[in-house]
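Next up, model_32.txt (compact mmCIF, C-alpha atoms and all ligand atoms):
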```txt
# COMPACT_ATOMS: atom_id res chain seq x y z
CA MET T 217 23.45 -36.22 11.40
CA PRO T 218 22.54 -32.57 10.69
CA GLN T 219 19.33 -31.49 12.44
CA SER T 220 16.72 -30.03 10.06
CA SER T 221 14.64 -27.22 11.59
CA PRO T 222 10.95 -28.07 12.15
CA PRO T 223 8.60 -26.85 9.40
CA ARG T 224 7.07 -23.50 10.16
CA ARG T 225 5.00 -20.97 8.34
CA LEU T 226 6.47 -18.08 6.46
CA LYS T 227 5.59 -14.79 8.17
CA LEU T 228 4.92 -11.73 6.05
CA GLY T 229 5.55 -8.30 7.59
CA VAL T 230 3.32 -5.65 6.03
CA PHE T 231 3.81 -1.98 6.74
CA ASP T 232 1.82 1.15 5.96
CA SER T 233 1.51 4.60 7.48
CA GLY T 234 -2.07 3.65 8.39
CA PHE T 235 -4.65 1.04 7.56
CA GLY T 236 -4.77 1.74 3.79
CA GLY T 237 -2.06 -0.90 3.30
CA LEU T 238 -4.65 -3.49 4.31
CA THR T 239 -5.76 -3.33 0.64
CA VAL T 240 -2.35 -4.88 -0.14
CA LEU T 241 -2.64 -7.42 2.70
CA ARG T 242 -6.05 -8.39 1.30
CA GLU T 243 -4.38 -9.40 -1.99
CA LEU T 244 -1.50 -11.12 -0.19
CA VAL T 245 -3.96 -13.23 1.81
CA LYS T 246 -5.76 -14.24 -1.40
CA LEU T 247 -2.53 -15.24 -3.12
CA LEU T 248 -0.62 -16.66 -0.11
CA PRO T 249 -3.36 -17.92 2.26
CA ASP T 250 -0.97 -20.23 4.15
CA ALA T 251 1.50 -17.53 5.19
CA ASP T 252 1.23 -15.92 8.64
CA SER T 253 1.23 -12.13 8.64
CA VAL T 254 2.02 -9.26 10.95
CA TYR T 255 0.76 -5.82 9.92
CA LEU T 256 1.78 -2.44 11.32
CA GLY T 257 -0.09 0.79 10.67
CA ASP T 258 1.83 3.82 11.91
CA THR T 259 -1.43 5.66 12.57
CA ALA T 260 0.08 8.02 15.16
CA ARG T 261 2.34 9.55 12.51
CA LEU T 262 -0.01 9.39 9.49
CA PRO T 263 -0.14 11.06 7.01
CA TYR T 264 3.33 10.43 5.59
CA GLY T 265 2.27 12.02 2.29
CA SER T 266 2.86 15.58 3.48
CA LYS T 267 6.20 14.95 5.27
CA SER T 268 9.86 15.29 4.26
CA GLN T 269 12.05 12.46 2.91
CA LYS T 270 14.17 12.42 6.08
CA THR T 271 11.16 12.06 8.38
CA ILE T 272 9.41 9.46 6.21
CA SER T 273 12.62 7.42 6.02
CA ARG T 274 13.11 7.48 9.81
CA TYR T 275 9.49 6.45 10.47
CA ALA T 276 9.57 3.71 7.82
CA VAL T 277 12.87 2.21 9.01
CA GLU T 278 11.69 2.18 12.66
CA SER T 279 8.44 0.50 11.61
CA SER T 280 10.27 -2.07 9.46
CA LYS T 281 12.57 -2.97 12.38
CA PHE T 282 9.53 -3.49 14.60
CA LEU T 283 8.07 -5.97 12.08
CA ALA T 284 11.39 -7.83 11.79
CA ASP T 285 11.45 -8.06 15.61
CA GLN T 286 8.02 -9.74 15.44
CA GLY T 287 9.59 -12.49 13.32
CA ALA T 288 8.76 -11.30 9.79
CA ASP T 289 10.73 -13.24 7.16
CA LEU T 290 10.03 -10.68 4.44
CA LEU T 291 8.69 -7.13 4.40
CA VAL T 292 6.10 -5.64 2.10
CA ILE T 293 6.14 -1.84 2.17
CA ALA T 294 2.45 -1.41 1.38
CA CYS T 295 2.74 2.38 1.42
CA ASN T 296 3.37 4.26 -1.80
CA THR T 297 4.84 7.26 0.00
CA ALA T 298 7.27 5.18 2.09
CA THR T 299 8.25 3.16 -1.00
CA ALA T 300 8.76 6.31 -3.06
CA MET T 301 10.77 8.14 -0.42
CA ALA T 302 12.55 5.44 1.57
CA LEU T 303 12.75 2.01 -0.14
CA PRO T 304 16.58 2.08 -0.54
CA ASP T 305 16.99 3.22 3.10
CA ILE T 306 14.71 0.42 4.34
CA GLN T 307 16.46 -2.21 2.20
CA GLN T 308 19.82 -1.06 3.51
CA ALA T 309 18.68 -1.20 7.15
CA MET T 310 17.06 -4.65 6.94
CA ALA T 311 18.61 -8.11 6.67
CA ILE T 312 15.40 -9.62 5.18
CA PRO T 313 13.94 -9.14 1.66
CA VAL T 314 11.88 -5.96 1.19
CA VAL T 315 9.23 -5.49 -1.54
CA GLY T 316 7.76 -2.08 -2.39
CA VAL T 317 4.58 -1.15 -4.29
CA ILE T 318 5.87 1.15 -7.02
CA GLU T 319 7.78 -1.19 -9.34
CA PRO T 320 4.98 -3.81 -9.37
CA GLY T 321 2.44 -1.02 -10.09
CA ALA T 322 4.51 0.28 -13.00
CA LYS T 323 4.84 -3.26 -14.42
CA ALA T 324 1.07 -3.77 -14.11
CA ALA T 325 0.49 -0.57 -16.10
CA LEU T 326 2.55 -2.04 -18.93
CA SER T 327 -0.02 -4.83 -19.37
CA THR T 328 -2.74 -2.34 -20.40
CA GLY T 329 -1.01 -1.66 -23.71
CA THR T 330 -1.35 2.14 -23.56
CA GLY T 331 1.83 4.21 -23.60
CA ASP T 332 0.59 6.93 -21.23
CA VAL T 333 -0.10 6.51 -17.53
CA LEU T 334 -1.70 9.04 -15.21
CA VAL T 335 -0.69 8.44 -11.58
CA LEU T 336 -2.77 9.83 -8.71
CA ALA T 337 -0.77 9.91 -5.46
CA THR T 338 0.16 11.88 -2.34
CA SER T 339 2.23 15.07 -2.60
CA ALA T 340 5.38 13.32 -1.30
CA THR T 341 5.06 10.45 -3.77
CA VAL T 342 4.63 12.87 -6.69
CA GLN T 343 7.51 15.01 -5.44
CA SER T 344 9.81 11.95 -5.34
CA GLY T 345 9.31 11.27 -9.05
CA ALA T 346 9.51 7.52 -8.22
CA TYR T 347 6.50 6.55 -10.36
CA THR T 348 7.80 8.55 -13.33
CA ALA T 349 11.18 6.79 -13.04
CA ALA T 350 9.57 3.33 -12.71
CA LEU T 351 7.13 3.92 -15.60
CA ASN T 352 9.82 5.39 -17.85
CA ALA T 353 11.96 2.31 -17.12
CA GLU T 354 9.08 0.23 -18.59
CA GLY T 355 9.00 2.48 -21.67
CA LEU T 356 5.82 4.31 -20.56
CA ARG T 357 5.13 8.05 -20.35
CA ALA T 358 4.05 9.25 -16.91
CA TYR T 359 1.83 12.09 -15.73
CA GLU T 360 1.59 12.53 -11.96
CA LYS T 361 -1.10 14.36 -10.02
CA ALA T 362 -0.87 15.08 -6.28
CA CYS T 363 -4.27 14.63 -4.58
CA PRO T 364 -3.63 15.64 -0.95
CA LEU T 365 -7.32 15.84 0.05
CA LEU T 366 -8.19 12.24 -0.82
CA VAL T 367 -6.49 10.47 2.12
CA PRO T 368 -8.24 12.61 4.80
CA LEU T 369 -11.61 12.10 3.08
CA VAL T 370 -11.15 8.32 2.95
CA GLU T 371 -9.95 8.34 6.59
CA GLU T 372 -13.18 10.16 7.43
CA GLY T 373 -15.14 7.36 5.77
CA TRP T 374 -16.42 9.74 3.05
CA THR T 375 -15.81 7.26 0.24
CA SER T 376 -19.26 7.86 -1.33
CA HIS T 377 -19.99 11.45 -0.51
CA PRO T 378 -20.77 14.58 -2.55
CA VAL T 379 -17.59 16.23 -1.22
CA MET T 380 -15.51 13.30 -2.49
CA ASP T 381 -17.21 13.53 -5.91
CA GLU T 382 -16.53 17.27 -6.14
CA VAL T 383 -12.88 16.93 -5.09
CA LEU T 384 -12.33 14.09 -7.59
CA LYS T 385 -13.90 16.17 -10.36
CA ILE T 386 -11.43 19.00 -9.69
CA TYR T 387 -8.35 16.76 -9.43
CA LEU T 388 -9.24 14.71 -12.51
CA SER T 389 -10.10 17.68 -14.71
CA GLU T 390 -6.76 19.31 -13.76
CA ALA T 391 -4.89 16.05 -14.43
CA LEU T 392 -6.68 15.40 -17.73
CA ALA T 393 -5.72 18.86 -18.97
CA GLU T 394 -2.13 17.50 -19.03
CA ALA T 395 -2.50 13.76 -19.71
CA PRO T 396 -3.82 12.34 -23.02
CA ASP T 397 -7.41 11.02 -23.17
CA SER T 398 -6.15 7.48 -23.75
CA ALA T 399 -4.01 7.39 -20.57
CA THR T 400 -4.42 4.53 -18.10
CA LEU T 401 -5.06 5.63 -14.52
CA LEU T 402 -2.75 4.16 -11.87
CA LEU T 403 -3.84 4.38 -8.22
CA GLY T 404 -0.58 5.44 -6.52
CA CYS T 405 -1.83 5.46 -2.94
CA THR T 406 -3.03 2.73 -0.57
CA HIS T 407 -6.29 4.57 0.12
CA TYR T 408 -7.46 4.96 -3.46
CA PRO T 409 -8.68 1.38 -4.11
CA LEU T 410 -11.45 2.25 -1.63
CA ILE T 411 -12.68 5.02 -3.95
CA GLN T 412 -12.03 3.24 -7.22
CA SER T 413 -15.69 3.34 -8.26
CA ALA T 414 -15.99 7.05 -7.32
CA ILE T 415 -12.86 7.75 -9.42
CA ARG T 416 -14.25 5.73 -12.34
CA ASP T 417 -17.61 7.58 -12.15
CA ALA T 418 -15.90 10.99 -11.92
CA ALA T 419 -13.77 10.23 -15.01
CA GLU T 420 -16.87 9.09 -16.92
CA ARG T 421 -18.81 12.21 -15.93
CA LEU T 422 -15.92 14.25 -17.36
CA GLY T 423 -16.29 12.33 -20.63
CA HIS T 424 -13.01 10.37 -20.12
CA PRO T 425 -13.73 6.74 -19.21
CA MET T 426 -10.40 5.31 -18.06
CA GLU T 427 -8.88 1.91 -17.37
CA ILE T 428 -7.82 1.84 -13.72
CA ILE T 429 -4.83 -0.10 -12.32
CA ASP T 430 -4.47 -0.87 -8.62
CA SER T 431 -0.95 -1.91 -7.60
CA ALA T 432 -2.14 -4.08 -4.66
CA ARG T 433 -2.60 -7.24 -6.74
CA ALA T 434 0.65 -6.63 -8.66
CA THR T 435 2.52 -6.18 -5.35
CA ALA T 436 1.13 -9.47 -4.02
CA MET T 437 2.32 -11.23 -7.17
CA ALA T 438 5.79 -9.66 -6.91
CA THR T 439 5.92 -10.80 -3.26
CA ALA T 440 5.01 -14.38 -4.25
CA GLU T 441 7.87 -14.35 -6.76
CA VAL T 442 10.37 -13.18 -4.13
CA ILE T 443 9.13 -15.88 -1.73
CA ALA T 444 9.48 -18.61 -4.36
CA ALA T 445 13.03 -17.44 -5.14
CA LYS T 446 14.21 -16.97 -1.53
CA PHE T 447 12.25 -19.51 0.49
CA GLY T 448 10.76 -22.08 -1.92
CA ASP T 449 7.52 -23.55 -0.56
CA VAL T 450 8.91 -25.34 2.52
CA HIS T 451 7.79 -22.63 4.93
CA CYS T 452 4.08 -22.95 4.13
CA GLN T 453 3.83 -26.72 4.72
CA VAL T 454 2.10 -26.50 8.09
CA SER T 455 -1.55 -27.39 8.55
CA GLY T 456 -4.12 -25.20 10.31
CA GLU T 457 -5.15 -21.61 9.79
CA ALA T 458 -2.61 -18.87 9.18
CA LYS T 459 -2.16 -16.38 12.02
CA ARG T 460 -2.82 -12.66 11.41
CA GLU T 461 -1.49 -10.04 13.85
CA PHE T 462 -2.27 -6.33 13.68
CA TYR T 463 -0.44 -3.47 15.38
CA ALA T 464 -1.05 0.28 15.26
CA THR T 465 0.66 3.24 16.89
CA ASP T 466 -2.66 5.04 17.60
CA SER T 467 -6.44 4.87 17.10
CA VAL T 468 -6.73 1.08 17.42
CA GLU T 469 -10.52 1.25 17.62
CA LYS T 470 -10.75 3.24 14.36
CA PHE T 471 -8.20 0.88 12.76
CA GLN T 472 -10.36 -2.11 13.70
CA ARG T 473 -13.60 -0.46 12.53
CA LEU T 474 -12.49 1.12 9.23
CA GLY T 475 -9.67 -1.35 8.52
CA ALA T 476 -12.13 -4.22 8.09
CA GLY T 477 -13.42 -2.48 4.93
CA PHE T 478 -9.88 -2.21 3.55
CA LEU T 479 -9.06 -5.85 4.40
CA GLY T 480 -12.42 -7.23 3.31
CA GLN T 481 -12.85 -9.22 6.55
CA PRO T 482 -13.28 -8.48 10.26
CA ILE T 483 -10.21 -7.68 12.35
CA ASP T 484 -10.39 -9.35 15.77
CA GLU T 485 -7.71 -7.46 17.64
CA VAL T 486 -5.38 -4.51 17.03
CA ARG T 487 -2.52 -4.08 19.51
CA LEU T 488 -1.29 -0.61 20.39
CA ILE T 489 2.47 0.00 20.27
CA ASP T 490 4.66 3.06 20.80
CA LEU T 491 7.46 3.74 18.33
CA GLY T 492 8.24 7.17 19.77
CA GLY T 493 7.73 10.51 18.04
N1 LIG H 501 -0.07 5.13 2.74
C1 LIG H 501 0.09 6.39 2.03
C2 LIG H 501 0.40 6.08 0.56
O1 LIG H 501 0.13 5.00 0.07
C3 LIG H 501 -1.13 7.27 2.13
C4 LIG H 501 -1.39 7.81 3.52
C5 LIG H 501 -0.30 8.79 3.99
O2 LIG H 501 -0.17 9.89 3.42
O3 LIG H 501 0.39 8.43 4.95
O4 LIG H 501 0.92 6.94 -0.11
```
Take the structure I supplied and represent it as structure tokens, if you would.
Amino acid sequence: MPQSSPPRRLKLGVFDSGFGGLTVLRELVKLLPDADSVYLGDTARLPYGSKSQKTISRYAVESSKFLADQGADLLVIACNTATAMALPDIQQAMAIPVVGVIEPGAKAALSTGTGDVLVLATSATVQSGAYTAALNAEGLRAYEKACPLLVPLVEEGWTSHPVMDEVLKIYLSEALAEAPDSATLLLGCTHYPLIQSAIRDAAERLGHPMEIIDSARATAMATAEVIAAKFGDVHCQVSGEAKREFYATDSVEKFQRLGAGFLGQPIDEVRLIDLGG
């Protein structure tokens, strides 16, 4: 008689250049509470947003392989820059399904009913043109604005700070000189959900209240669809609490301290690993 393998939990591998991708894990946990997860933040090599395609691709593929080695059944690339610059390279290198953040974000923008979308993102993401391609594929017009100062300010914990407000005012007034008043705003970077209210306030102060889309929830929903198609629900039929593992390539103490705000719950332990330079 053929032996059936014992039931086990599905394990999600979630990757970001730092701990910003925990905003995506937060949504995954809400939607798929029974799945185990292993998260890697490549904090030693952050930021990716100012690096070349070749370097981002190498870092992202190495990180993805690490997560597969930890037993991940499926990978979520919770980094806009890595998705924009390296998704095809990662998919080619991996034998497990890989979900990125850009296509789900573009699909979520479609639901707002406006034809114009303003994307705020890192320089590398904007340079890739990936959001414009994904939005155009949905029949939407795209306007992209690189905001290189936002990630360092969020990393510094300056999410509600006069400097953040001033920087947002400059970026948004430059972006709104190009994009129509009715455009929807799409947060094209893992760190921006943390400053969503500061962005909303800055847009209102400029006289342009905007609807804001965060791709984290849309990515979690796209992941759930891939899981249903590839694994069914057999892998989540195990009782007890799901296991959450966290790894970082540097600054584990900062990851644990600031990451809890991104995840929306305390992080018990972050293990340090070395992926090389
Ligand atoms: N995770 C990156 C993103 O979503 C932001 C941080 C970085 O530049 O590495 O684009």
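Take the candidates T:Tyr275, T:Tyr408, T:Tyr264, T:Phe447 and check each one against ligand LIG 501 (chain H) using only C-alpha atoms and all ligand atoms; the shortest distance goes to T:Tyr264.
Distance annotation: of T:Ala294, T:Ala322, T:Leu241, T:Ile312, the residue with the minimal separation from ligand LIG 501 (chain H) is T:Ala294; atom set is all atoms listed in the file.
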Once you count all atoms listed in the file, what closest atom pair and distance in Å to one decimal does each residue of chain T within 6 Å of ligand LIG 501 (chain H) have, with rows by chain and rising residue number, as JSON lines?
```
{"residue": "T:Asp232", "atom": "CA", "partner": "H:LIG501", "partner_atom": "N1", "distance": 5.5}
{"residue": "T:Ser233", "atom": "CA", "partner": "H:LIG501", "partner_atom": "O3", "distance": 4.7}
{"residue": "T:Gly236", "atom": "CA", "partner": "H:LIG501", "partner_atom": "N1", "distance": 5.9}
{"residue": "T:Leu262", "atom": "CA", "partner": "H:LIG501", "partner_atom": "O3", "distance": 4.7}
{"residue": "T:Pro263", "atom": "CA", "partner": "H:LIG501", "partner_atom": "O3", "distance": 3.4}
{"residue": "T:Tyr264", "atom": "CA", "partner": "H:LIG501", "partner_atom": "O3", "distance": 3.6}
{"residue": "T:Gly265", "atom": "CA", "partner": "H:LIG501", "partner_atom": "O2", "distance": 3.4}
{"residue": "T:Cys295", "atom": "CA", "partner": "H:LIG501", "partner_atom": "O1", "distance": 3.9}
{"residue": "T:Asn296", "atom": "CA", "partner": "H:LIG501", "partner_atom": "O1", "distance": 3.8}
{"residue": "T:Thr297", "atom": "CA", "partner": "H:LIG501", "partner_atom": "O4", "distance": 3.9}
{"residue": "T:Thr338", "atom": "CA", "partner": "H:LIG501", "partner_atom": "O4", "distance": 5.5}
{"residue": "T:Val367", "atom": "CA", "partner": "H:LIG501", "partner_atom": "C4", "distance": 5.9}
{"residue": "T:Cys405", "atom": "CA", "partner": "H:LIG501", "partner_atom": "O1", "distance": 3.6}
{"residue": "T:Thr406", "atom": "CA", "partner": "H:LIG501", "partner_atom": "O1", "distance": 3.9}
```
Quick one: contact table of segment 306-413 of chain T to segment 472-485 of chain T, 9 Å max, nearest atom pair and distance in Å to one decimal per residue, counting only C-alpha atoms, chain and number order, as CSV?
```
residue,atom,partner,partner_atom,distance
T:Glu371,CA,T:Leu474,CA,8.1
T:Gly373,CA,T:Leu474,CA,7.6
T:His407,CA,T:Phe478,CA,8.4
T:Pro409,CA,T:Phe478,CA,8.5
T:Leu410,CA,T:Phe478,CA,7.0
```
Can you spit out the residues from that selection as a PDB file, in the frame of the given file, using C-alpha atoms?
```pdb
ATOM      1  CA  GLU T 371      -9.950   8.340   6.590  1.00  0.00           C
ATOM      2  CA  GLY T 373     -15.140   7.360   5.770  1.00  0.00           C
ATOM      3  CA  HIS T 407      -6.290   4.570   0.120  1.00  0.00           C
ATOM      4  CA  PRO T 409      -8.680   1.380  -4.110  1.00  0.00           C
ATOM      5  CA  LEU T 410     -11.450   2.250  -1.630  1.00  0.00           C
TER       6      LEU T 410
END
```
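Between Arg224 of chain T and the residues T:Val245, T:Ala353, T:Leu334, T:Ala251, the shortest atom-to-atom distance, using all atoms listed in the file, involves T:Ala251.
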Among T:Gly229, T:Gly345, T:Pro396, T:Gly329, Val292 of chain T is approached most closely, using only C-alpha atoms, by T:Gly229
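Atom CA of Asp430 of chain T sits 8.8 Å away from atom CA of Leu401 of chain T.
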What separates atom CA of Thr328 of chain T and atom CA of Ala358 of chain T is a distance of 13.9 Å
